[in-house]
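J.: Just dropping this structure here.
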Amino acid sequence: MLKLNRTFRISTISVILIIAFSFFSCASDSLQTSPVVRMETVGVVQINALTDRRFQQIENFGASDAWSCAFVGQWPDAKKEAVAELLFSKELDNSGNPKGIGLSLWRFNLGAGSVANSNIKDEWRRSESFLNVDGSYDWSRQAGQVWFAEAAKKHGVEKLLAFTNSPPVSMTKNGKTYANNGESNLAAENYPKFAKYLSTVLKNLKERGLEIDYISPVNEPQWDWSKPNQEGTPFYNNEIAGIVRALDKALDVEGLQTTIDLAEAGKINYLFEDADKPGIGSQINAFFNETSANYVGNLKHVARNISAHSYFTTSPFESSVAMRTKLKNAIMQQPGLRFWMSEYCILGDNTGEINGNGRDFVLTPALYVARTIHNDLTVANASAWNWWTAVSAYDYKDGLVYVDKNNTNGNYYDSKMLWTLGNYSRFIRPGFERVEVSVDGNFTQNENFLVSAYEQPETKEMVYVFVNSGTNSIEIALKINGNKTNTSKAYITSEVSNLAEMEIVSSGKVSIPGKSVVTVLVKK
């Protein structure tokens, strides 16, 4: 059974859907006391976590402030604080339900100044810059984004990352924040200038109490970026290496400990195979192979991780697994190298499985996202998993929280994608380690019923996350190293529940309802 006193923050369309769902559910007498559909249980599935088979240590779950936070961060206090609580809070409400999804990393977009000098028509896709054209700085800018970064720290978000889509407009070749003809918009002679700008901004933010742990100087460098839709510029691998070398020196000059994150590849396969244009793919080898002309893995500030985005590689399920297996194998060729999945939302038509167009507050896209998270974590061994834009004003599946497109005020709407990410981010904290898990003795899983397990090495707390995309409830019995466990808590996201606490009827056994994502906690 579920506790029914969960306070929901939902849109009008969500209310309509829930009413409809409840109407059909109540057609059965057995559903009168619970909003969870009681489908036929398919046996008792044995789930066994094996703590002697360990994989990656989880570093963070995050999301970015681009672009809506620039406006929402200047909305009335009550509104923006409520949005921040949904994203950052690790607290429980009076009913024992999470108030938010407890992100452990927040991505701050260092704008290139398209607000003042751009042909980008949509002002909600433009960004301010701290840097003036004359080389001076205006630290009052990006105030909405600064507010959200401060809110993240106030809620205890562990890490901050700053990223750029384009160098400041005053440094670009064409005087714009998007490129021409698919070529880099930053001349080589401006690499030190760009690096100096980045280190200066990071130092100022640190002085304001916002120490930036990671800096990502390039973003999706494989794309063309010639259309005036948003800030962006492509880079070849040799250009990225030049920027990183200049930035490594600039960070040292300012006495900063910030780590450089590479390389935000547009797709995960660009990390291990060539792209359609020479010199922009095979980035693991380019940056971390000592024999490469673009080797930067020995620099003081370069992180021992490489990042990429999961776009356009998530369907069909079998192909998603195959590609992530190749990525894992390529990462393993460089000892100690870790993989960060640093940006994702639902884009494209995904081989007909789901389309990115249209806001959708029902569970279907959330289940798709949950399967993507599962594969990134369990197949590719991602140690970080980051959503794209935390707050969206668009009719698209790109937001965790949606808002009215209003510059000064408006309403906000949580989504099932928010709470489903919370099934992972709220409970799998930095430092947890993924461990092997078997399902009825098997280590291969059915895409309609997925489970992963994570242990806190010191406290031995275990977190299981189940993704049941089927219609039947599945009763599971939990074990650790073959021994029965005592389940302490379980939380469910479904059509009618938003990360709500489930009542545990039998210790060590949990029923995973159809069409749900469930997190089960075991404390020793």
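By convention in this document, the chains of the structure tokens carry letters A, B, ... by their order, each chain's residues are numbered from 1, and ligands are numbered from 1 in the order they are shown.
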Write out as a list in words each polymer residue whose atoms come within 8 Å of range 485-490 of chain A, counting only C-alpha atoms; drop sequence neighbours fewer than 4 positions from it.
T.: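 After dropping sequence-adjacent residues, the list is Leu478, Lys479, Ile480, Glu501, Met502, Glu503, Ile504, Ser507, Gly508, Lys509, Val518, Thr519, Val520, Leu521, Val522 and Lys523 of chain A.
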J.: So that each row is one residue of range 388-438 of chain A with an atom at most 9 Å from range 121-130 of chain A, can you give its shortest atom pair and the distance in Å to one decimal, using only C-alpha atoms, rows by chain and rising number, as a tab-separated table?
T.:
```
residue	atom	partner	partner_atom	distance
A:Ala393	CA	A:Trp124	CA	8.4
A:Lys405	CA	A:Trp124	CA	8.2
A:Asn407	CA	A:Trp124	CA	8.8
```
J.: Suppose we keep N, CA and C atoms; can you now write the selection as a PDB file, in the first residue's frame?
T.:
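Now in part33.pdb:
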```pdb
ATOM      1  N   ALA A 393      10.744  26.161 -20.404  1.00  0.00           N
ATOM      2  CA  ALA A 393       9.529  26.904 -20.748  1.00  0.00           C
ATOM      3  C   ALA A 393       8.946  26.411 -22.067  1.00  0.00           C
ATOM      4  N   LYS A 405       6.318  30.759 -19.771  1.00  0.00           N
ATOM      5  CA  LYS A 405       7.333  31.593 -20.420  1.00  0.00           C
ATOM      6  C   LYS A 405       7.020  33.060 -20.154  1.00  0.00           C
ATOM      7  N   ASN A 407       8.717  36.503 -18.188  1.00  0.00           N
ATOM      8  CA  ASN A 407       9.998  37.025 -17.712  1.00  0.00           C
ATOM      9  C   ASN A 407      10.012  37.371 -16.233  1.00  0.00           C
TER      10      ASN A 407
END
```
J.: For CA of Glu290 in chain A and CA of Arg54 in chain A, quote the distance in Å rounded to one decimal.
T.: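 It comes out at 28.0 Å.
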J.: List the neighbours of Ala265 in chain A out to 8 Å using only C-alpha atoms; skip same-chain residues closer than 2 positions along the sequence, and give me the result as a ChimeraX atom specification.
T.: /A:219-222,263,267-268,270-271,307-309
J.: Return as a PyMOL selection string the full set of residues in range 179-408 of chain A whose backbone-based DSSP assignment is strand (DSSP E or B).
T.: chain A and resi 186+214-216+232+259-265+302-309+338-343+357+382-392+396+399-403
J.: Any chance you can output those residues with C-alpha atoms as a CSV table (one decimal), in the first residue's frame?
T.:
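Writing done, so here's selection_30.csv:
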```csv
chain,number,residue,atom,x,y,z
A,186,LEU,CA,37.6,31.2,-31.7
A,214,TYR,CA,34.6,21.8,-12.5
A,215,ILE,CA,34.9,23.9,-15.7
A,216,SER,CA,33.8,22.6,-19.0
A,232,GLY,CA,27.5,27.4,-29.8
A,259,THR,CA,39.2,20.8,-12.5
A,260,ILE,CA,38.7,20.8,-16.3
A,261,ASP,CA,36.0,18.5,-17.7
A,262,LEU,CA,36.4,17.2,-21.2
A,263,ALA,CA,34.9,17.0,-23.7
A,264,GLU,CA,31.1,17.1,-23.6
A,265,ALA,CA,30.9,15.1,-26.9
A,302,VAL,CA,42.5,18.0,-16.2
A,303,ALA,CA,40.0,15.6,-14.6
A,304,ARG,CA,40.6,11.9,-15.0
A,305,ASN,CA,37.2,11.6,-16.6
A,306,ILE,CA,35.8,12.2,-20.0
A,307,SER,CA,32.2,13.3,-20.7
A,308,ALA,CA,29.6,12.8,-23.5
A,309,HIS,CA,25.9,13.2,-24.1
A,338,ARG,CA,36.0,7.5,-15.8
A,339,PHE,CA,32.9,8.3,-17.9
A,340,TRP,CA,30.5,11.1,-17.2
A,341,MET,CA,27.1,11.2,-18.9
A,342,SER,CA,26.9,15.0,-18.8
A,343,GLU,CA,23.8,15.9,-20.7
A,357,ASN,CA,8.2,17.0,-29.1
A,382,ALA,CA,28.9,6.2,-15.9
A,383,SER,CA,30.0,7.7,-12.6
A,384,ALA,CA,28.0,10.9,-13.2
A,385,TRP,CA,24.6,11.4,-14.8
A,386,ASN,CA,23.3,14.8,-15.7
A,387,TRP,CA,20.0,16.0,-17.2
A,388,TRP,CA,20.1,18.9,-19.7
A,389,THR,CA,17.9,21.8,-18.7
A,390,ALA,CA,16.4,21.6,-15.2
A,391,VAL,CA,13.8,24.3,-15.9
A,392,SER,CA,12.1,24.5,-19.3
A,396,TYR,CA,9.3,19.7,-25.4
A,399,GLY,CA,12.6,19.8,-18.6
A,400,LEU,CA,12.4,18.5,-15.1
A,401,VAL,CA,10.4,21.4,-13.9
A,402,TYR,CA,8.3,23.4,-16.4
A,403,VAL,CA,7.4,27.0,-16.2
```
J.: Please report, as a compact mmCIF listing (two decimals) with N, CA and C atoms, in the first residue's frame, each residue of range 120-364 of chain A to which DSSP assigns helix (DSSP H, G or I) when run on this structure's backbone.
T.:
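The resulting file, result.txt, is reproduced below:
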```
# COMPACT_ATOMS: atom_id res chain seq x y z
N GLU A 123 14.52 35.21 -26.91
CA GLU A 123 15.31 35.76 -25.80
C GLU A 123 15.51 34.75 -24.68
N TRP A 124 14.67 33.73 -24.62
CA TRP A 124 14.83 32.70 -23.59
C TRP A 124 15.90 31.69 -23.97
N ARG A 125 16.56 31.88 -25.10
CA ARG A 125 17.70 31.03 -25.47
C ARG A 125 18.97 31.88 -25.61
N ALA A 143 22.23 37.37 -12.90
CA ALA A 143 21.75 37.39 -11.51
C ALA A 143 20.81 36.22 -11.21
N GLY A 144 19.93 35.88 -12.16
CA GLY A 144 19.02 34.77 -11.93
C GLY A 144 19.75 33.45 -11.80
N GLN A 145 20.78 33.27 -12.62
CA GLN A 145 21.57 32.05 -12.55
C GLN A 145 22.40 31.99 -11.27
N VAL A 146 22.93 33.13 -10.87
CA VAL A 146 23.69 33.18 -9.62
C VAL A 146 22.77 32.82 -8.45
N TRP A 147 21.52 33.31 -8.51
CA TRP A 147 20.59 32.98 -7.42
C TRP A 147 20.40 31.48 -7.31
N PHE A 148 20.21 30.80 -8.44
CA PHE A 148 20.01 29.35 -8.39
C PHE A 148 21.26 28.62 -7.91
N ALA A 149 22.43 29.10 -8.30
CA ALA A 149 23.67 28.49 -7.81
C ALA A 149 23.78 28.65 -6.29
N GLU A 150 23.41 29.82 -5.80
CA GLU A 150 23.42 30.04 -4.35
C GLU A 150 22.39 29.17 -3.65
N ALA A 151 21.23 29.01 -4.29
CA ALA A 151 20.20 28.14 -3.71
C ALA A 151 20.68 26.69 -3.67
N ALA A 152 21.39 26.28 -4.71
CA ALA A 152 21.94 24.92 -4.73
C ALA A 152 22.87 24.70 -3.54
N LYS A 153 23.76 25.63 -3.30
CA LYS A 153 24.69 25.50 -2.18
C LYS A 153 23.94 25.54 -0.84
N LYS A 154 22.92 26.38 -0.76
CA LYS A 154 22.13 26.48 0.48
C LYS A 154 21.46 25.16 0.80
N VAL A 169 31.21 37.03 -26.93
CA VAL A 169 31.05 37.57 -28.28
C VAL A 169 32.23 38.46 -28.69
N SER A 170 32.86 39.11 -27.74
CA SER A 170 33.98 39.99 -28.06
C SER A 170 35.21 39.23 -28.53
N MET A 171 35.23 37.90 -28.33
CA MET A 171 36.39 37.10 -28.72
C MET A 171 36.15 36.28 -29.99
N ALA A 188 43.01 30.82 -32.70
CA ALA A 188 44.02 30.24 -31.80
C ALA A 188 44.71 31.29 -30.95
N GLU A 189 44.92 32.48 -31.50
CA GLU A 189 45.59 33.52 -30.72
C GLU A 189 44.75 34.01 -29.55
N ASN A 190 43.45 33.66 -29.53
CA ASN A 190 42.58 34.08 -28.44
C ASN A 190 42.40 32.99 -27.37
N TYR A 191 43.07 31.85 -27.51
CA TYR A 191 42.96 30.82 -26.48
C TYR A 191 43.39 31.34 -25.10
N PRO A 192 44.54 32.01 -24.99
CA PRO A 192 44.93 32.53 -23.66
C PRO A 192 43.94 33.58 -23.14
N LYS A 193 43.39 34.37 -24.03
CA LYS A 193 42.42 35.39 -23.63
C LYS A 193 41.14 34.74 -23.10
N PHE A 194 40.69 33.70 -23.80
CA PHE A 194 39.51 32.96 -23.37
C PHE A 194 39.78 32.29 -22.02
N ALA A 195 40.94 31.70 -21.87
CA ALA A 195 41.32 31.04 -20.62
C ALA A 195 41.37 32.04 -19.47
N LYS A 196 41.92 33.20 -19.73
CA LYS A 196 41.99 34.25 -18.71
C LYS A 196 40.59 34.68 -18.29
N TYR A 197 39.70 34.84 -19.25
CA TYR A 197 38.31 35.20 -18.95
C TYR A 197 37.67 34.15 -18.04
N LEU A 198 37.81 32.88 -18.38
CA LEU A 198 37.22 31.81 -17.58
C LEU A 198 37.76 31.80 -16.16
N SER A 199 39.06 31.90 -16.02
CA SER A 199 39.66 31.86 -14.68
C SER A 199 39.27 33.09 -13.86
N THR A 200 39.13 34.24 -14.52
CA THR A 200 38.71 35.46 -13.82
C THR A 200 37.29 35.31 -13.28
N VAL A 201 36.39 34.76 -14.09
CA VAL A 201 35.01 34.55 -13.65
C VAL A 201 34.96 33.56 -12.50
N LEU A 202 35.70 32.46 -12.61
CA LEU A 202 35.70 31.46 -11.54
C LEU A 202 36.22 32.04 -10.23
N LYS A 203 37.24 32.89 -10.33
CA LYS A 203 37.80 33.50 -9.12
C LYS A 203 36.77 34.42 -8.48
N ASN A 204 36.06 35.21 -9.30
CA ASN A 204 35.04 36.11 -8.76
C ASN A 204 33.91 35.33 -8.09
N LEU A 205 33.45 34.27 -8.74
CA LEU A 205 32.39 33.46 -8.15
C LEU A 205 32.84 32.85 -6.83
N LYS A 206 34.08 32.42 -6.77
CA LYS A 206 34.62 31.87 -5.53
C LYS A 206 34.61 32.91 -4.42
N GLU A 207 34.96 34.13 -4.76
CA GLU A 207 34.97 35.20 -3.77
C GLU A 207 33.56 35.52 -3.27
N ASN A 237 39.60 18.51 -32.31
CA ASN A 237 40.30 18.02 -31.11
C ASN A 237 41.58 18.80 -30.83
N ASN A 238 42.31 19.17 -31.87
CA ASN A 238 43.55 19.93 -31.65
C ASN A 238 43.25 21.32 -31.09
N GLU A 239 42.11 21.88 -31.47
CA GLU A 239 41.71 23.18 -30.93
C GLU A 239 41.31 23.05 -29.46
N ILE A 240 40.59 21.99 -29.13
CA ILE A 240 40.21 21.75 -27.73
C ILE A 240 41.47 21.59 -26.88
N ALA A 241 42.45 20.83 -27.39
CA ALA A 241 43.69 20.65 -26.64
C ALA A 241 44.39 21.99 -26.40
N GLY A 242 44.38 22.85 -27.39
CA GLY A 242 44.99 24.17 -27.23
C GLY A 242 44.30 25.01 -26.18
N ILE A 243 42.97 24.97 -26.17
CA ILE A 243 42.20 25.70 -25.17
C ILE A 243 42.49 25.16 -23.77
N VAL A 244 42.53 23.84 -23.64
CA VAL A 244 42.74 23.21 -22.34
C VAL A 244 44.13 23.53 -21.79
N ARG A 245 45.12 23.53 -22.64
CA ARG A 245 46.47 23.87 -22.18
C ARG A 245 46.54 25.30 -21.68
N ALA A 246 45.87 26.21 -22.40
CA ALA A 246 45.84 27.61 -21.96
C ALA A 246 45.07 27.75 -20.65
N LEU A 247 43.97 27.03 -20.53
CA LEU A 247 43.14 27.11 -19.33
C LEU A 247 43.86 26.52 -18.12
N ASP A 248 44.58 25.44 -18.31
CA ASP A 248 45.33 24.84 -17.22
C ASP A 248 46.30 25.85 -16.61
N LYS A 249 46.98 26.61 -17.46
CA LYS A 249 47.91 27.63 -16.98
C LYS A 249 47.17 28.76 -16.28
N ALA A 250 46.05 29.20 -16.85
CA ALA A 250 45.31 30.33 -16.28
C ALA A 250 44.75 30.00 -14.91
N LEU A 251 44.28 28.78 -14.72
CA LEU A 251 43.78 28.37 -13.41
C LEU A 251 44.89 28.39 -12.37
N ASP A 252 46.08 28.00 -12.77
CA ASP A 252 47.22 28.04 -11.86
C ASP A 252 47.57 29.47 -11.46
N VAL A 253 47.54 30.37 -12.42
CA VAL A 253 47.87 31.77 -12.16
C VAL A 253 46.93 32.35 -11.10
N ILE A 268 27.78 9.72 -27.43
CA ILE A 268 28.77 8.93 -26.71
C ILE A 268 29.73 8.21 -27.65
N ASN A 269 29.30 7.87 -28.86
CA ASN A 269 30.20 7.14 -29.76
C ASN A 269 31.33 8.00 -30.28
N TYR A 270 31.21 9.33 -30.20
CA TYR A 270 32.31 10.20 -30.60
C TYR A 270 33.50 10.07 -29.67
N LEU A 271 33.28 9.46 -28.51
CA LEU A 271 34.40 9.25 -27.60
C LEU A 271 35.32 8.13 -28.07
N GLN A 283 37.72 10.71 -29.07
CA GLN A 283 38.26 11.69 -28.12
C GLN A 283 38.95 11.05 -26.91
N ILE A 284 38.60 9.82 -26.57
CA ILE A 284 39.34 9.14 -25.51
C ILE A 284 40.81 9.03 -25.90
N ASN A 285 41.05 8.54 -27.10
CA ASN A 285 42.41 8.40 -27.59
C ASN A 285 43.09 9.75 -27.79
N ALA A 286 42.32 10.72 -28.30
CA ALA A 286 42.90 12.03 -28.60
C ALA A 286 43.45 12.71 -27.35
N PHE A 287 42.72 12.65 -26.26
CA PHE A 287 43.08 13.44 -25.08
C PHE A 287 43.79 12.65 -23.98
N PHE A 288 43.64 11.31 -23.98
CA PHE A 288 44.19 10.54 -22.86
C PHE A 288 45.18 9.46 -23.28
N PHE A 317 16.54 -0.55 -27.54
CA PHE A 317 17.22 -0.93 -26.30
C PHE A 317 18.48 -1.74 -26.57
N GLU A 318 18.39 -2.69 -27.49
CA GLU A 318 19.54 -3.55 -27.76
C GLU A 318 20.71 -2.74 -28.31
N SER A 319 20.42 -1.78 -29.18
CA SER A 319 21.48 -0.93 -29.73
C SER A 319 22.08 -0.04 -28.66
N SER A 320 21.23 0.44 -27.75
CA SER A 320 21.71 1.26 -26.64
C SER A 320 22.72 0.50 -25.80
N VAL A 321 22.40 -0.78 -25.51
CA VAL A 321 23.30 -1.61 -24.71
C VAL A 321 24.60 -1.88 -25.47
N ALA A 322 24.49 -2.20 -26.77
CA ALA A 322 25.68 -2.52 -27.56
C ALA A 322 26.64 -1.33 -27.63
N MET A 323 26.10 -0.12 -27.83
CA MET A 323 26.97 1.05 -27.94
C MET A 323 27.63 1.36 -26.60
N ARG A 324 26.90 1.19 -25.53
CA ARG A 324 27.48 1.48 -24.22
C ARG A 324 28.50 0.43 -23.80
N THR A 325 28.34 -0.76 -24.29
CA THR A 325 29.35 -1.78 -24.05
C THR A 325 30.66 -1.41 -24.74
N LYS A 326 30.56 -0.91 -25.97
CA LYS A 326 31.75 -0.45 -26.69
C LYS A 326 32.42 0.71 -25.95
N LEU A 327 31.60 1.63 -25.44
CA LEU A 327 32.15 2.76 -24.69
C LEU A 327 32.88 2.29 -23.44
N LYS A 328 32.26 1.39 -22.70
CA LYS A 328 32.90 0.85 -21.49
C LYS A 328 34.25 0.23 -21.81
N ASN A 329 34.30 -0.56 -22.87
CA ASN A 329 35.55 -1.22 -23.25
C ASN A 329 36.61 -0.21 -23.65
N ALA A 330 36.21 0.86 -24.34
CA ALA A 330 37.16 1.90 -24.74
C ALA A 330 37.69 2.66 -23.52
N ILE A 331 36.82 2.95 -22.57
CA ILE A 331 37.23 3.64 -21.34
C ILE A 331 38.25 2.79 -20.59
N MET A 332 38.04 1.50 -20.56
CA MET A 332 38.90 0.59 -19.80
C MET A 332 40.31 0.51 -20.38
N ASN A 350 13.70 8.72 -31.78
CA ASN A 350 14.20 7.53 -31.08
C ASN A 350 13.66 6.23 -31.71
N THR A 351 13.89 6.11 -33.01
CA THR A 351 13.45 4.97 -33.83
C THR A 351 11.97 4.64 -33.62
N GLY A 352 11.20 5.70 -33.43
CA GLY A 352 9.75 5.53 -33.30
C GLY A 352 9.28 5.16 -31.92
N THR A 364 5.04 7.75 -19.22
CA THR A 364 5.71 7.11 -20.34
C THR A 364 7.11 7.67 -20.60
```
J.: As an exercise, work out the distance from CA of Phe55 in chain A to CA of Tyr368 in chain A in Å and give it to one decimal place.
T.: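 Between these atoms lies a distance of 23.7 Å.
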J.: So which residues touch Ser516 in chain A within 9 Å, counting only C-alpha atoms, skipping near sequence neighbours fewer than 4 positions away, as a list in words?
T.: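 Close residues of Ser516 in chain A: Leu363, Leu367, Thr420, Phe466, Val467, Asn468, Ser469, Gly470, Ile492, Thr493, Ser494, Glu495 and Ile512 of chain A.
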J.: I need the residue nearest Lys159 in chain A from this list: A:Thr233, A:Thr258, A:Asn109, A:Thr177. Use only C-alpha atoms for the distance.
T.: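 Closest to Lys159 in chain A of all the choices is A:Thr258.
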J.: With only C-alpha atoms as the basis for distance, which of A:Ala112, A:Leu299, A:Leu210, A:Leu50 is at the shortest distance from Asn185 in chain A?
T.: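 So, comparing all the options, the nearest one is A:Ala112.
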J.: Measure the distance from CA of Met462 in chain A to CA of Asn481 in chain A in Å and round it to one decimal.
T.: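 Value for the CA of Met462 in chain A-CA of Asn481 in chain A distance: 11.9 Å.
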